[in-house]
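Enquirer: Sharing model_10.txt here; it has compact mmCIF, C-alpha atoms and all ligand atoms.
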```txt
# COMPACT_ATOMS: atom_id res chain seq x y z
CA MET S 1 0.00 0.00 0.00
CA ILE S 2 1.26 3.46 -0.89
CA ILE S 3 0.81 6.00 1.84
CA ARG S 4 1.15 9.56 0.64
CA LYS S 5 1.17 11.23 4.00
CA PRO S 6 0.88 9.60 7.38
CA GLY S 7 -2.69 8.61 8.03
CA ILE S 8 -3.86 9.76 4.63
CA TYR S 9 -5.27 7.42 2.04
CA LYS S 10 -6.67 7.88 -1.43
CA LEU S 11 -9.76 6.12 -2.63
CA ASP S 12 -7.85 3.62 -4.73
CA GLU S 13 -5.93 2.58 -1.65
CA ILE S 14 -8.89 2.36 0.62
CA ASN S 15 -9.64 -1.29 -0.06
CA ASP S 16 -6.17 -2.24 1.07
CA TYR S 17 -6.56 0.12 3.93
CA LEU S 18 -9.81 -1.44 5.09
CA ALA S 19 -8.16 -4.83 5.15
CA SER S 20 -5.00 -3.58 6.83
CA PRO S 21 -4.13 -3.91 10.50
CA ASN S 22 -4.35 -0.11 10.79
CA MET S 23 -8.04 -0.45 10.39
CA SER S 24 -8.50 -2.37 13.59
CA ASN S 25 -6.77 0.45 15.43
CA ALA S 26 -9.00 2.98 13.80
CA GLN S 27 -12.03 0.87 14.55
CA SER S 28 -11.22 0.55 18.21
CA GLN S 29 -10.63 4.28 18.28
CA TYR S 30 -14.05 4.96 16.84
CA ALA S 31 -15.66 2.37 19.07
CA ARG S 32 -14.99 4.74 21.95
CA LYS S 33 -17.66 6.95 20.42
CA GLU S 34 -15.30 9.68 19.58
CA PRO S 35 -17.00 12.10 17.19
CA VAL S 36 -16.58 11.12 13.56
CA ILE S 37 -17.11 14.00 11.18
CA LEU S 38 -17.18 13.80 7.42
CA HIS S 39 -16.64 16.75 5.12
CA VAL S 40 -17.85 16.24 1.57
CA ASP S 41 -16.71 18.68 -1.09
CA MET S 42 -17.69 18.31 -4.73
CA ASP S 43 -14.81 18.55 -7.19
CA ALA S 44 -14.95 21.66 -9.40
CA PHE S 45 -18.68 21.64 -8.83
CA PHE S 46 -20.11 24.11 -11.34
CA ALA S 47 -17.69 23.04 -14.06
CA SER S 48 -18.40 19.35 -13.40
CA VAL S 49 -22.16 19.86 -13.58
CA GLU S 50 -21.71 21.54 -16.96
CA GLN S 51 -19.45 18.73 -18.15
CA LYS S 52 -21.96 16.14 -17.00
CA GLU S 53 -24.60 17.84 -19.08
CA ARG S 54 -22.36 18.41 -22.08
CA PRO S 55 -20.01 15.40 -22.28
CA TRP S 56 -17.96 16.96 -25.06
CA LEU S 57 -16.60 19.37 -22.45
CA VAL S 58 -15.07 16.54 -20.42
CA GLY S 59 -11.30 16.82 -20.17
CA LYS S 60 -11.31 20.35 -21.60
CA PRO S 61 -10.43 23.54 -19.75
CA VAL S 62 -13.85 24.81 -18.70
CA VAL S 63 -14.34 28.02 -16.75
CA VAL S 64 -17.72 28.88 -15.25
CA GLY S 65 -18.38 32.44 -14.21
CA GLY S 66 -19.39 34.61 -17.08
CA ASP S 67 -18.26 36.48 -20.14
CA PRO S 68 -14.47 36.94 -20.09
CA GLN S 69 -14.83 40.14 -22.14
CA LYS S 70 -16.59 41.79 -19.25
CA ARG S 71 -14.48 43.56 -16.77
CA HIS S 72 -15.64 42.51 -13.36
CA GLY S 73 -16.53 38.86 -13.64
CA VAL S 74 -14.73 36.29 -11.52
CA VAL S 75 -14.22 32.56 -11.95
CA ALA S 76 -16.91 30.60 -10.09
CA ALA S 77 -15.34 27.25 -10.91
CA ALA S 78 -12.62 25.88 -13.13
CA SER S 79 -12.38 22.31 -14.39
CA TYR S 80 -9.22 20.43 -13.48
CA ALA S 81 -7.92 20.82 -17.03
CA ALA S 82 -8.31 24.60 -16.63
CA ARG S 83 -6.55 24.51 -13.27
CA GLU S 84 -3.47 23.16 -14.95
CA TYR S 85 -3.12 26.60 -16.50
CA GLY S 86 -3.21 28.17 -13.06
CA ILE S 87 -6.88 29.17 -13.21
CA LYS S 88 -8.53 29.25 -9.79
CA ALA S 89 -11.95 30.10 -8.38
CA GLY S 90 -12.24 33.74 -7.39
CA MET S 91 -9.74 34.90 -10.02
CA PRO S 92 -10.82 37.68 -12.43
CA LEU S 93 -12.09 36.23 -15.70
CA LEU S 94 -9.72 38.47 -17.63
CA THR S 95 -6.75 36.87 -15.91
CA ALA S 96 -8.17 33.42 -16.61
CA LYS S 97 -8.55 34.32 -20.28
CA ARG S 98 -4.95 35.47 -20.38
CA LEU S 99 -3.70 32.27 -18.73
CA CYS S 100 -5.65 30.02 -21.06
CA PRO S 101 -7.07 31.81 -24.12
CA HIS S 102 -8.59 28.64 -25.55
CA ALA S 103 -10.52 27.77 -22.39
CA ILE S 104 -14.27 27.36 -22.76
CA PHE S 105 -16.00 30.10 -20.82
CA LEU S 106 -19.54 29.41 -19.66
CA ILE S 107 -21.79 32.06 -18.27
CA GLY S 108 -23.20 29.70 -15.65
CA THR S 109 -26.32 31.69 -15.02
CA ASP S 110 -28.53 28.71 -14.43
CA GLY S 111 -28.38 28.84 -10.65
CA ASP S 112 -31.49 26.67 -10.53
CA LYS S 113 -29.63 23.80 -12.16
CA TYR S 114 -26.87 23.83 -9.56
CA GLU S 115 -29.39 24.15 -6.76
CA TYR S 116 -31.25 21.19 -8.13
CA VAL S 117 -28.12 19.02 -8.15
CA SER S 118 -27.24 20.35 -4.73
CA SER S 119 -30.59 19.39 -3.20
CA HIS S 120 -30.27 15.94 -4.74
CA LEU S 121 -26.88 15.71 -3.06
CA LEU S 122 -28.41 16.63 0.26
CA GLY S 123 -30.91 13.83 -0.21
CA ILE S 124 -28.03 11.36 -0.61
CA PHE S 125 -26.38 12.63 2.59
CA TYR S 126 -29.60 12.09 4.52
CA GLN S 127 -29.52 8.43 3.53
CA PHE S 128 -26.46 8.06 5.75
CA THR S 129 -27.20 10.33 8.70
CA PRO S 130 -29.76 12.90 9.77
CA GLN S 131 -26.90 15.06 11.12
CA VAL S 132 -26.08 17.03 7.99
CA GLU S 133 -24.89 20.61 7.88
CA PRO S 134 -24.77 22.11 4.38
CA TYR S 135 -21.78 24.42 4.28
CA SER S 136 -22.20 25.79 0.79
CA ILE S 137 -23.90 24.76 -2.42
CA ASP S 138 -21.41 21.91 -2.90
CA GLU S 139 -20.08 21.16 0.57
CA ALA S 140 -21.48 19.65 3.73
CA PHE S 141 -20.47 18.29 7.10
CA LEU S 142 -21.94 14.96 8.19
CA ASP S 143 -21.78 13.76 11.76
CA ILE S 144 -21.56 9.99 11.40
CA THR S 145 -20.71 9.20 15.01
CA GLY S 146 -22.22 5.85 15.88
CA CYS S 147 -23.11 4.92 12.29
CA GLU S 148 -20.69 1.95 12.14
CA ARG S 149 -23.33 -0.65 12.83
CA LEU S 150 -25.30 0.42 9.81
CA PHE S 151 -22.54 1.28 7.39
CA GLY S 152 -19.32 -0.17 8.75
CA PRO S 153 -16.22 1.83 9.62
CA PRO S 154 -16.14 5.53 8.62
CA ALA S 155 -13.90 4.96 5.61
CA GLN S 156 -16.30 2.30 4.36
CA LEU S 157 -19.25 4.66 4.75
CA ALA S 158 -17.35 7.41 2.94
CA LYS S 159 -16.56 5.06 0.10
CA ARG S 160 -20.22 4.08 -0.26
CA LEU S 161 -21.23 7.72 -0.16
CA LYS S 162 -18.78 8.57 -2.93
CA GLU S 163 -19.97 5.68 -5.04
CA LYS S 164 -23.58 6.70 -4.58
CA ILE S 165 -22.89 10.27 -5.64
CA LYS S 166 -20.95 9.04 -8.65
CA LYS S 167 -23.70 6.68 -9.66
CA GLN S 168 -26.66 8.97 -9.13
CA LEU S 169 -25.22 12.31 -10.17
CA GLY S 170 -22.20 11.31 -12.24
CA LEU S 171 -20.06 13.68 -10.20
CA SER S 172 -16.97 13.12 -8.12
CA CYS S 173 -16.27 14.52 -4.69
CA SER S 174 -13.55 14.55 -2.09
CA VAL S 175 -14.25 13.37 1.42
CA GLY S 176 -12.39 14.08 4.62
CA ILE S 177 -12.86 12.07 7.80
CA ALA S 178 -11.68 13.41 11.14
CA PRO S 179 -12.65 13.83 14.79
CA ASN S 180 -13.90 17.39 14.18
CA LYS S 181 -15.18 19.74 11.47
CA LEU S 182 -11.98 21.75 11.19
CA LEU S 183 -9.86 18.69 10.46
CA ALA S 184 -12.49 17.05 8.27
CA LYS S 185 -12.54 20.12 6.04
CA LEU S 186 -8.77 20.13 5.91
CA ALA S 187 -8.72 16.41 5.12
CA SER S 188 -11.09 16.74 2.16
CA SER S 189 -8.81 19.37 0.63
CA LEU S 190 -5.63 17.31 0.89
CA ASN S 191 -6.26 14.80 -1.89
CA LYS S 192 -8.43 16.50 -4.46
CA PRO S 193 -9.98 15.45 -6.79
CA ASP S 194 -11.80 12.22 -5.97
CA GLY S 195 -9.98 11.94 -2.66
CA LEU S 196 -10.82 10.05 0.49
CA THR S 197 -8.69 11.22 3.35
CA LEU S 198 -8.70 10.22 6.98
CA ILE S 199 -7.02 12.10 9.79
CA SER S 200 -6.96 9.96 12.87
CA ARG S 201 -6.35 11.53 16.25
CA ASP S 202 -2.85 10.16 16.68
CA LYS S 203 -1.74 11.65 13.37
CA ILE S 204 -3.09 15.17 13.82
CA LYS S 205 0.19 16.74 14.87
CA GLU S 206 2.19 14.92 12.25
CA ILE S 207 -0.16 15.99 9.46
CA LEU S 208 -0.73 19.59 10.55
CA SER S 209 2.83 20.59 11.44
CA PRO S 210 4.36 20.96 7.95
CA LEU S 211 1.27 22.57 6.36
CA GLU S 212 1.06 26.26 5.52
CA VAL S 213 -1.17 28.20 7.89
CA THR S 214 -3.65 29.11 5.13
CA LYS S 215 -4.50 25.45 4.66
CA LEU S 216 -6.86 25.76 7.61
CA CYS S 217 -10.36 27.07 7.02
CA GLY S 218 -10.57 30.53 8.59
CA ILE S 219 -6.95 31.61 8.19
CA GLY S 220 -6.89 34.02 5.28
CA ASP S 221 -4.27 36.08 3.50
CA LYS S 222 -4.53 38.94 5.97
CA THR S 223 -3.85 36.75 8.98
CA GLU S 224 -1.13 34.98 7.07
CA ARG S 225 0.71 38.26 6.48
CA VAL S 226 0.69 39.13 10.18
CA LEU S 227 1.76 35.61 11.12
CA SER S 228 4.53 35.67 8.59
CA SER S 229 5.81 38.94 10.10
CA LEU S 230 6.13 36.97 13.35
CA GLY S 231 8.12 34.33 11.53
CA ILE S 232 5.22 31.86 11.54
CA HIS S 233 4.67 30.02 8.27
CA THR S 234 3.56 26.52 9.14
CA LEU S 235 0.86 25.22 11.42
CA GLY S 236 3.55 23.54 13.50
CA GLU S 237 5.19 26.90 14.13
CA LEU S 238 1.83 28.44 14.98
CA ALA S 239 0.93 25.58 17.34
CA SER S 240 4.06 26.06 19.44
CA TYR S 241 3.99 29.86 19.42
CA PRO S 242 3.24 31.43 22.82
CA VAL S 243 -0.50 31.92 22.98
CA GLU S 244 -0.12 35.10 25.06
CA VAL S 245 1.73 36.83 22.23
CA LEU S 246 -0.90 35.69 19.75
CA LYS S 247 -3.60 37.12 22.01
CA ARG S 248 -1.83 40.46 22.18
CA LYS S 249 -1.50 40.54 18.42
CA PHE S 250 -4.92 39.16 17.41
CA GLY S 251 -7.12 39.75 20.45
CA LYS S 252 -9.70 37.01 20.92
CA ASN S 253 -8.68 35.38 17.66
CA GLY S 254 -5.22 34.73 19.09
CA GLU S 255 -6.57 31.95 21.23
CA TRP S 256 -8.57 30.56 18.36
CA LEU S 257 -5.45 30.48 16.19
CA HIS S 258 -3.63 28.57 18.89
CA LEU S 259 -6.45 26.03 19.16
CA VAL S 260 -6.93 25.41 15.45
CA ALA S 261 -3.20 25.09 14.84
CA ASN S 262 -3.35 22.25 17.35
CA GLY S 263 -6.29 20.72 15.51
CA ILE S 264 -8.80 21.57 18.23
CA ASP S 265 -12.34 22.44 17.23
CA CYS S 266 -15.46 21.75 19.26
CA SER S 267 -18.11 23.23 16.98
CA PRO S 268 -21.01 20.83 16.49
CA VAL S 269 -22.55 19.83 13.17
CA PHE S 270 -25.64 22.00 12.85
CA SER S 271 -28.09 19.62 11.30
CA GLN S 272 -31.12 20.93 9.56
CA ILE S 273 -33.74 18.32 10.06
CA MET S 274 -36.96 19.70 8.68
CA PRO S 275 -39.16 20.62 11.60
CA GLU S 276 -42.01 21.41 9.24
CA LYS S 277 -43.50 19.24 6.58
CA SER S 278 -45.58 21.89 4.92
CA MET S 279 -46.38 25.57 5.10
CA GLY S 280 -49.66 27.14 4.25
CA HIS S 281 -52.33 29.72 4.86
CA GLN S 282 -56.09 29.58 4.59
CA ARG S 283 -58.78 32.18 4.86
CA THR S 284 -62.51 32.09 5.39
CA LEU S 285 -63.72 34.81 3.07
CA PRO S 286 -65.74 37.78 4.32
CA GLU S 287 -68.44 36.78 1.86
CA ASP S 288 -68.86 33.76 -0.41
CA ILE S 289 -67.43 34.24 -3.87
CA THR S 290 -68.00 32.58 -7.24
CA GLN S 291 -66.19 34.69 -9.83
CA PRO S 292 -62.83 33.41 -11.12
CA GLU S 293 -61.25 36.87 -10.84
CA ASP S 294 -62.25 37.08 -7.17
CA ILE S 295 -60.88 33.59 -6.58
CA ASN S 296 -57.61 34.50 -8.31
CA SER S 297 -57.28 37.65 -6.30
CA VAL S 298 -57.48 35.58 -3.09
CA LEU S 299 -55.11 32.95 -4.48
CA LEU S 300 -52.53 35.60 -5.36
CA ALA S 301 -52.68 36.98 -1.84
CA LEU S 302 -52.36 33.49 -0.35
CA SER S 303 -49.48 32.61 -2.70
CA SER S 304 -47.68 35.73 -1.62
CA MET S 305 -48.17 34.90 2.07
CA VAL S 306 -47.01 31.31 1.70
CA ALA S 307 -44.00 32.29 -0.39
CA ARG S 308 -43.00 34.90 2.12
CA ARG S 309 -43.14 32.37 4.93
CA LEU S 310 -41.05 29.93 2.93
CA ARG S 311 -38.44 32.58 2.29
CA GLU S 312 -38.45 33.67 5.89
CA LYS S 313 -37.66 30.15 7.05
CA ARG S 314 -35.38 29.53 4.07
CA PHE S 315 -37.35 26.69 2.59
CA VAL S 316 -38.42 25.82 -0.90
CA GLY S 317 -41.17 23.35 -1.74
CA ARG S 318 -42.37 21.27 -4.66
CA THR S 319 -45.95 20.29 -3.98
CA ILE S 320 -48.66 22.93 -4.07
CA THR S 321 -52.03 22.07 -2.56
CA LEU S 322 -55.21 24.05 -2.96
CA ARG S 323 -58.06 23.59 -0.53
CA VAL S 324 -61.56 24.84 -1.24
CA ARG S 325 -64.53 24.83 1.10
CA TYR S 326 -67.88 25.60 -0.44
CA SER S 327 -70.82 27.33 1.19
CA ASP S 328 -72.38 23.92 1.89
CA PHE S 329 -69.19 23.06 3.87
CA VAL S 330 -68.05 20.43 1.44
CA SER S 331 -64.25 20.61 1.13
CA LEU S 332 -62.04 19.49 -1.73
CA THR S 333 -58.28 19.55 -2.19
CA ARG S 334 -56.11 19.30 -5.26
CA SER S 335 -52.33 19.09 -5.49
CA GLU S 336 -49.68 19.39 -8.08
CA THR S 337 -45.98 18.65 -7.77
CA ILE S 338 -43.59 20.71 -9.82
CA ALA S 339 -40.10 19.72 -10.93
CA ARG S 340 -38.07 22.31 -9.10
CA PRO S 341 -38.66 23.40 -5.53
CA THR S 342 -39.66 27.02 -5.26
CA CYS S 343 -40.38 29.91 -2.93
CA SER S 344 -41.66 32.16 -5.69
CA GLU S 345 -45.22 33.43 -5.31
CA HIS S 346 -45.57 33.66 -9.06
CA ILE S 347 -44.85 30.00 -9.57
CA ILE S 348 -47.06 29.01 -6.64
CA PHE S 349 -49.83 31.26 -7.92
CA ARG S 350 -49.63 29.86 -11.42
CA VAL S 351 -50.09 26.32 -10.11
CA ALA S 352 -52.83 27.38 -7.67
CA GLN S 353 -54.69 29.12 -10.47
CA LYS S 354 -54.57 25.99 -12.58
CA LEU S 355 -55.75 23.81 -9.69
CA GLY S 356 -58.51 26.34 -9.01
CA LEU S 357 -59.91 25.99 -12.51
CA GLY S 358 -60.94 22.44 -11.74
CA LEU S 359 -62.47 23.21 -8.37
CA VAL S 360 -64.20 26.49 -8.90
CA ALA S 361 -66.55 26.26 -11.82
CA GLY S 362 -68.42 29.46 -11.11
CA ILE S 363 -71.56 27.73 -9.87
CA ARG S 364 -70.70 26.71 -6.32
CA ARG S 365 -70.13 29.43 -3.80
CA VAL S 366 -66.70 29.37 -2.19
CA ARG S 367 -66.45 30.02 1.50
CA LEU S 368 -62.81 29.24 2.25
CA LEU S 369 -59.60 28.98 0.29
CA GLY S 370 -56.33 27.50 1.52
CA LEU S 371 -52.96 27.10 -0.09
CA SER S 372 -50.01 25.11 1.16
CA VAL S 373 -46.62 24.03 -0.06
CA SER S 374 -45.07 20.72 0.98
CA HIS S 375 -42.09 18.52 0.04
CA LEU S 376 -39.91 21.14 1.64
CA THR S 377 -36.16 21.36 1.36
CA ARG S 378 -33.70 23.98 2.43
CA ASP S 379 -33.29 26.89 0.07
CA ARG S 380 -29.73 26.21 -0.94
CA GLN S 381 -29.07 29.58 -2.41
CA SER S 382 -29.80 31.40 0.80
CA LEU S 383 -27.15 29.22 2.41
CA GLN S 384 -24.54 30.28 -0.07
CA THR S 385 -24.82 34.02 0.01
CA SER S 386 -21.50 34.63 -1.64
CA LEU S 387 -22.23 32.63 -4.76
CA PRO S 388 -19.82 34.30 -7.11
CA PHE S 389 -22.23 34.80 -9.98
CA VAL S 390 -21.84 38.46 -10.54
CA GLU S 391 -24.11 38.29 -13.50
CA TYR S 392 -26.74 36.05 -12.00
CA ILE S 393 -29.34 38.43 -10.79
CA ASP S 394 -32.91 37.31 -10.93
CA LYS S 395 -35.06 40.40 -11.07
CA ARG S 396 -38.02 38.71 -9.45
CA LYS S 397 -35.94 37.49 -6.56
CA ARG S 398 -34.81 41.04 -5.98
CA ILE S 399 -38.39 42.26 -5.98
CA TYR S 400 -39.35 39.55 -3.47
CA SER S 401 -36.54 40.48 -1.17
CA VAL S 402 -37.42 44.18 -1.32
CA MET S 403 -41.08 43.38 -0.60
CA ASP S 404 -40.05 41.15 2.30
CA ARG S 405 -37.98 43.94 3.78
CA ILE S 406 -40.81 46.43 3.41
CA ARG S 407 -43.15 44.03 5.19
CA ASP S 408 -40.60 43.42 7.93
CA ARG S 409 -40.55 47.12 8.61
CA PHE S 410 -44.06 48.32 7.95
CA GLY S 411 -46.27 45.26 8.37
CA GLU S 412 -47.70 42.49 6.24
CA GLU S 413 -50.32 44.65 4.57
CA SER S 414 -47.96 47.48 3.73
CA ILE S 415 -47.34 46.19 0.22
CA ARG S 416 -49.07 43.72 -2.03
CA TRP S 417 -49.25 42.67 -5.63
CA ALA S 418 -51.71 44.53 -7.83
CA GLY S 419 -54.74 42.30 -8.09
CA ALA S 420 -54.21 40.53 -4.78
CA THR S 421 -56.98 40.80 -2.25
CA THR S 422 -56.38 42.05 1.25
CA PHE S 423 -57.46 40.18 4.34
CA VAL S 424 -57.77 43.08 6.75
MG MG X 501 -16.10 22.21 -4.09
```
Rewrite the structure from the file as structure tokens, please.
Ligand SMILES: [Mg+2]

Expert:
Amino acid sequence: MIIRKPGIYKLDEINDYLASPNMSNAQSQYARKEPVILHVDMDAFFASVEQKERPWLVGKPVVVGGDPQKRHGVVAAASYAAREYGIKAGMPLLTAKRLCPHAIFLIGTDGDKYEYVSSHLLGIFYQFTPQVEPYSIDEAFLDITGCERLFGPPAQLAKRLKEKIKKQLGLSCSVGIAPNKLLAKLASSLNKPDGLTLISRDKIKEILSPLEVTKLCGIGDKTERVLSSLGIHTLGELASYPVEVLKRKFGKNGEWLHLVANGIDCSPVFSQIMPEKSMGHQRTLPEDITQPEDINSVLLALSSMVARRLREKRFVGRTITLRVRYSDFVSLTRSETIARPTCSEHIIFRVAQKLGLGLVAGIRRVRLLGLSVSHLTRDRQSLQTSLPFVEYIDKRKRIYSVMDRIRDRFGEESIRWAGATTFV
């Protein structure tokens, strides 16, 4: 077996690793119920999704981010072939173009597509543990402590997870396994792409010591410059530096630097188990109505209320259910499931309107209308606020967010869509 770094194994070595005597050590270590945290990071996510969809792009330098002719765009993702030219995420597109003029530049405006893949990914994670913390559109922490009985040792689980993602989404990812989030995130970055890296407790010092300080999540260029002025370049140097001096130099962060350089991190995995299965609103109308335009006016108001609540709680949903109660107290419901989860009142309204056509024929008097959205998932985009799509601005989303802010300040009835009824 080839071991690149102590305690670090690549996927192709993992079979040997699982059968090796090391494994029994690791197993007994995990049997003590020490936390086992996984960090999953998709490889060149946006570029890989594009390549999956357009196979002729596979193996080519692909840069997602926008039009390289435009001044301010930055690279959202670069395929591994593009990285060979030195192209990196966050780099100005103009620089990328200079480094590799023949690269294929994709605008990458279809945020919905990436979100869709991302929510599918989340679904796969939940098949292994309910303790999942999405970290960005293509990264998540999974707390798999105590999952051995179901899935075997952590490395085995990670391998199955990788295979599942490959099979279902056709995408590769890198996984890090460690006793905490900090080290798991580091581990996943050590053997990209398609890596599977384990940092066991007894190897922490050995692995961390020679690494540059910026390898750790949270230590940026600014901190690096100050550290370097103190003669600190590696994590080993930082770990043994007097914490008092660090505190004087960095304030509260000084202590944090000392802890992370020693591989210590106690932050829990914030799982997002859905507390709510559906969200909805219903209203008994001030007087019975029969006219389609009156019905639509109520449906638009309800759509707007439901969508606002979804956005507030950062959910999106796929199934829209309309409930009608007639003046004779007979109730009927109709549902429709759409392809992509949404929190847009226009999409919800469009579906509600369609469902309404079948239920409200203009003869029966309607007494109550209710609208709900179920099949909820987390709104992935709200999790990744710094999505580097400079050019991806959905006008409607901006209108929604302005309306939400107005309502936050001046009340729910302070603004509404033309044509929507009011329930005051
Ligand atoms: Mg990634």

Enquirer: Rounded to one decimal in Å, what is the spacing between atom CA of Gln282 of chain S and atom CA of Leu371 of chain S?

Expert: 6.2 Å

Enquirer: Show me which residues line ligand MG 501 (chain X), defined as having an atom within 8 Å of a ligand atom where all atoms listed in the file count, and present them as a PDB file with C-alpha atoms, in the coordinates of the input.

Expert:
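Saved file selection_27.pdb follows:
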```pdb
ATOM      1  CA  ASP S  41     -16.710  18.680  -1.090  1.00  0.00           C
ATOM      2  CA  MET S  42     -17.690  18.310  -4.730  1.00  0.00           C
ATOM      3  CA  ASP S  43     -14.810  18.550  -7.190  1.00  0.00           C
ATOM      4  CA  ALA S  44     -14.950  21.660  -9.400  1.00  0.00           C
ATOM      5  CA  PHE S  45     -18.680  21.640  -8.830  1.00  0.00           C
ATOM      6  CA  ASP S 138     -21.410  21.910  -2.900  1.00  0.00           C
ATOM      7  CA  GLU S 139     -20.080  21.160   0.570  1.00  0.00           C
ATOM      8  CA  CYS S 173     -16.270  14.520  -4.690  1.00  0.00           C
TER       9      CYS S 173
END
```

Enquirer: Set the distance at 12 Å and use only C-alpha atoms: which residues neighbour Ile165 of chain S once local chain neighbours fewer than 4 positions away are removed? I'd like the list as a list in words.

Expert: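 With the cut-off at 12 Å, the set is Val40, Asp41, Met42, Asp43, Val117, Ser118, His120, Leu121, Leu122, Gly123, Ile124, Phe125, Gln127, Ala158, Lys159, Arg160, Leu161, Leu169, Gly170, Leu171, Ser172, Cys173, Ser174, Val175 and Asp194 of chain S.
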
Enquirer: Around (-21.7, 37.4, -22.9) in the file's frame, which residues reach within 10 Å when counting all atoms listed in the file? Return as a VMD selection string?

Expert: chain S and resid 66 to 70 105 to 107 391

Enquirer: Quick one, how far is atom CA of Ser401 of chain S from atom CA of Thr284 of chain S?

Expert: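 Separating atom CA of Ser401 of chain S from atom CA of Thr284 of chain S is a distance of 28.1 Å.
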
Enquirer: Between atom CA of Leu300 of chain S and atom CA of Ala420 of chain S, what is the distance, to one decimal in Å?

Expert: 5.2 Å

Enquirer: Give me the residues within 12 Å of Ile399 of chain S as a JSON list (two decimals) with C-alpha atoms, in the coordinates of the input, counting all atoms listed in the file and dropping any in the same chain fewer than 2 places off.

Expert:
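The result, written out as selection_17.json:
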```json
[["chain", "number", "residue", "atom", "x", "y", "z"],
["S", 308, "ARG", "CA", -43.00, 34.90, 2.12],
["S", 344, "SER", "CA", -41.66, 32.16, -5.69],
["S", 345, "GLU", "CA", -45.22, 33.43, -5.31],
["S", 346, "HIS", "CA", -45.57, 33.66, -9.06],
["S", 393, "ILE", "CA", -29.34, 38.43, -10.79],
["S", 394, "ASP", "CA", -32.91, 37.31, -10.93],
["S", 395, "LYS", "CA", -35.06, 40.40, -11.07],
["S", 396, "ARG", "CA", -38.02, 38.71, -9.45],
["S", 397, "LYS", "CA", -35.94, 37.49, -6.56],
["S", 401, "SER", "CA", -36.54, 40.48, -1.17],
["S", 402, "VAL", "CA", -37.42, 44.18, -1.32],
["S", 403, "MET", "CA", -41.08, 43.38, -0.60],
["S", 404, "ASP", "CA", -40.05, 41.15, 2.30],
["S", 405, "ARG", "CA", -37.98, 43.94, 3.78],
["S", 406, "ILE", "CA", -40.81, 46.43, 3.41],
["S", 415, "ILE", "CA", -47.34, 46.19, 0.22],
["S", 416, "ARG", "CA", -49.07, 43.72, -2.03],
["S", 417, "TRP", "CA", -49.25, 42.67, -5.63]]
```
